[in-house]
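In what follows, a single structure is set out as structure tokens and then discussed.
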Number of protein chains: 2
Amino acid sequence: MGAVTPTAVERVERVPKQDRSRATRQRLLEAAVACLAEHGWAGSTVSVVAERAGVSRGAAQHHFRTREDLFTAAVEYVAEERSTALRALFPDGPADRRAVVSALVDLFTGPLFRAALHLWVAASNEDQLRPRVTELEARVGRETHRIAVELLGADESRPGARETVQGFLDLARGLGLANLLTDDRARRERVVAQWATLLESALG
Amino acid sequence: MGAVTPTAVERVERVPKQDRSRATRQRLLEAAVACLAEHGWAGSTVSVVAERAGVSRGAAQHHFRTREDLFTAAVEYVAEERSTALRALFPDGPADRRAVVSALVDLFTGPLFRAALHLWVAASNEDQLRPRVTELEARVGRETHRIAVELLGADESRPGARETVQGFLDLARGLGLANLLTDDRARRERVVAQWATLLESALG
């Protein structure tokens, strides 16, 4: 087979330039989120991410001018990927509430939440990062709320329904935080089961 | 009055040595929490805290051998102070649930929560800090749960009551996180009012 299999360089050269640029960007964004989740803000520089993504530092800086650009774009990109994946899990809209509750809570316990948490906490002390992360958090938060309302089939015209969903997302965020240092899965599952029942009766 | 008022030095010298040592320790602990809340882990060193507390670096190191000693002791000390203050608010035990819910949520929105959050997030990436903070978090978490059960008058022998209280504390933690970058008070109050109603009906 050796003779007919293209080399890595040949394969790369056959991909149109624009697609390669998009693929590089995507690799950088994914590496940035993984890096934030594992090493925190202090350990996350453009160089570290470029190396992890297998991209030169120059190429990384071509895509993202500053460290702040790279990491806010990364958290936003992964959040969007997650939202898309979540909607794809329930393609027919409102679904079994227990399943939806579980899937929403899962959003807050993986590497994306961990990365976002590092970014939020760093932003709380860094003036350069703060306005951008605040704006990003608001945008991602609104989108998550929109998906939750839709998939839980909540009727927001009913008094208290909006706050019930908001509080549920705050609960999910708190469960994510509780999972930061220890594997909190067993406790979390019991809490989620109980509050899913309360949510069910509150949303009607 | 000038002649009969003792000078600062005279006042200090009249305080027994042991009390002065305790007062110094307390000043260091309070300065450490304020420092963590304002500057995060990266900006919090023993020197910075000593200066803030008006204590020499040598005296600070006499009380706390390492940076990890100082900051875990600080978060624990302030958490204990908060627990004591919380119990003092409701000296007769179980009280009006809305008032208790509000007071518990307040625990997660002040400088103590902010300081603890910085410590948790730093611990998630620093091996030296991680086991100590994990243990501290578990201890403080159990104490907060105990107070919540007591003041909410929850009967933990009833199925689901324990998870209801745990989930409420996770909600409070999530609300604390939502308050990190922006003043989230107005939204929080609406969420808390709604979830207090759900808690009320769940705890009976």
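Chains: A, B, ... in order of the structure tokens. Residues: from 1 per chain. Ligands: from 1, in order shown.
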
Which residues of chain B have any atom within 6 Å of an atom in chain A when counting only C-alpha atoms, and what is the closest pair of atoms for each, with the distance in Å to one decimal? Order the rows by chain and rising number and write it as CSV.
```
residue,atom,partner,partner_atom,distance
B:His39,CA,A:Asn125,CA,5.8
B:Ser124,CA,A:Leu181,CA,5.9
B:Asn125,CA,A:His39,CA,5.8
B:Glu163,CA,A:Val191,CA,4.9
B:Gly167,CA,A:Val191,CA,5.6
B:Asp170,CA,A:Gly174,CA,4.5
B:Leu171,CA,A:Leu171,CA,3.8
B:Arg173,CA,A:Gly174,CA,4.8
B:Gly174,CA,A:Gly174,CA,3.8
B:Leu175,CA,A:Asp170,CA,5.7
B:Leu181,CA,A:Ser124,CA,5.9
B:Val191,CA,A:Glu163,CA,4.9
```

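Every protein or nucleic acid residue with an atom no more than 8 Å from Ala196 of chain B, counting only C-alpha atoms and leaving out same-chain residues fewer than 6 positions away, appears here: Arg97, Arg98 and Val101 of chain B.
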
inquiry  = Using Å and a single decimal, report how far atom CA of Thr84 of chain A sits from atom CA of Ala32 of chain A.
reply    =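 Atom CA of Ala32 of chain A sits 19.6 Å away from atom CA of Thr84 of chain A.
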
Could you name the residues that touch Ala79 of chain A at 12 Å or less, counting only C-alpha atoms, but leaving out those on the same chain fewer than 2 positions away, as a compact mmCIF listing (two decimals) with C-alpha atoms, in the first residue's frame?
```txt
# COMPACT_ATOMS: atom_id res chain seq x y z
CA LEU A 29 -9.48 26.78 20.18
CA GLU A 30 -9.79 23.20 21.40
CA VAL A 33 -9.88 25.10 26.39
CA THR A 72 -12.37 34.15 25.16
CA ALA A 73 -12.82 32.88 21.59
CA ALA A 74 -12.00 29.37 22.80
CA VAL A 75 -14.56 29.33 25.61
CA GLU A 76 -17.18 30.79 23.27
CA TYR A 77 -16.43 28.30 20.50
CA GLU A 81 -20.27 23.36 20.12
CA ARG A 82 -21.83 22.15 23.38
CA SER A 83 -25.12 23.96 22.71
CA THR A 84 -25.30 22.43 19.26
CA ALA A 85 -24.58 18.97 20.66
CA LEU A 86 -27.22 19.47 23.36
CA LEU A 107 -22.71 20.80 30.67
CA PHE A 108 -21.38 22.06 34.00
CA GLY A 110 -16.81 18.71 32.01
CA PRO A 111 -13.65 20.44 30.80
CA LEU A 112 -15.60 23.33 29.28
CA PHE A 113 -17.00 24.35 32.66
CA ARG A 114 -13.59 23.93 34.24
CA ALA A 115 -12.01 26.12 31.55
CA ALA A 116 -14.76 28.75 31.84
CA LEU A 136 -19.14 36.45 27.02
CA GLU A 137 -20.64 34.98 30.19
CA ARG A 139 -24.13 35.78 26.07
CA VAL A 140 -23.44 32.11 26.84
CA GLY A 141 -25.76 32.30 29.87
CA ARG A 142 -28.66 33.65 27.78
CA GLU A 143 -28.18 30.92 25.19
CA THR A 144 -28.07 28.18 27.85
```

Interatomic distance (Å, one decimal) between atom CA of Ala59 of chain A and atom CA of Ser44 of chain A =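 That distance, rounded to one decimal, is 17.1 Å.
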
ask   = How would you write, as an MDAnalysis selection string, the set of residues in segment 64-152 of chain A that DSSP gives as helix (DSSP H, G or I)?
value = chainID A and resid 67:89 97:107 111:123 130:152
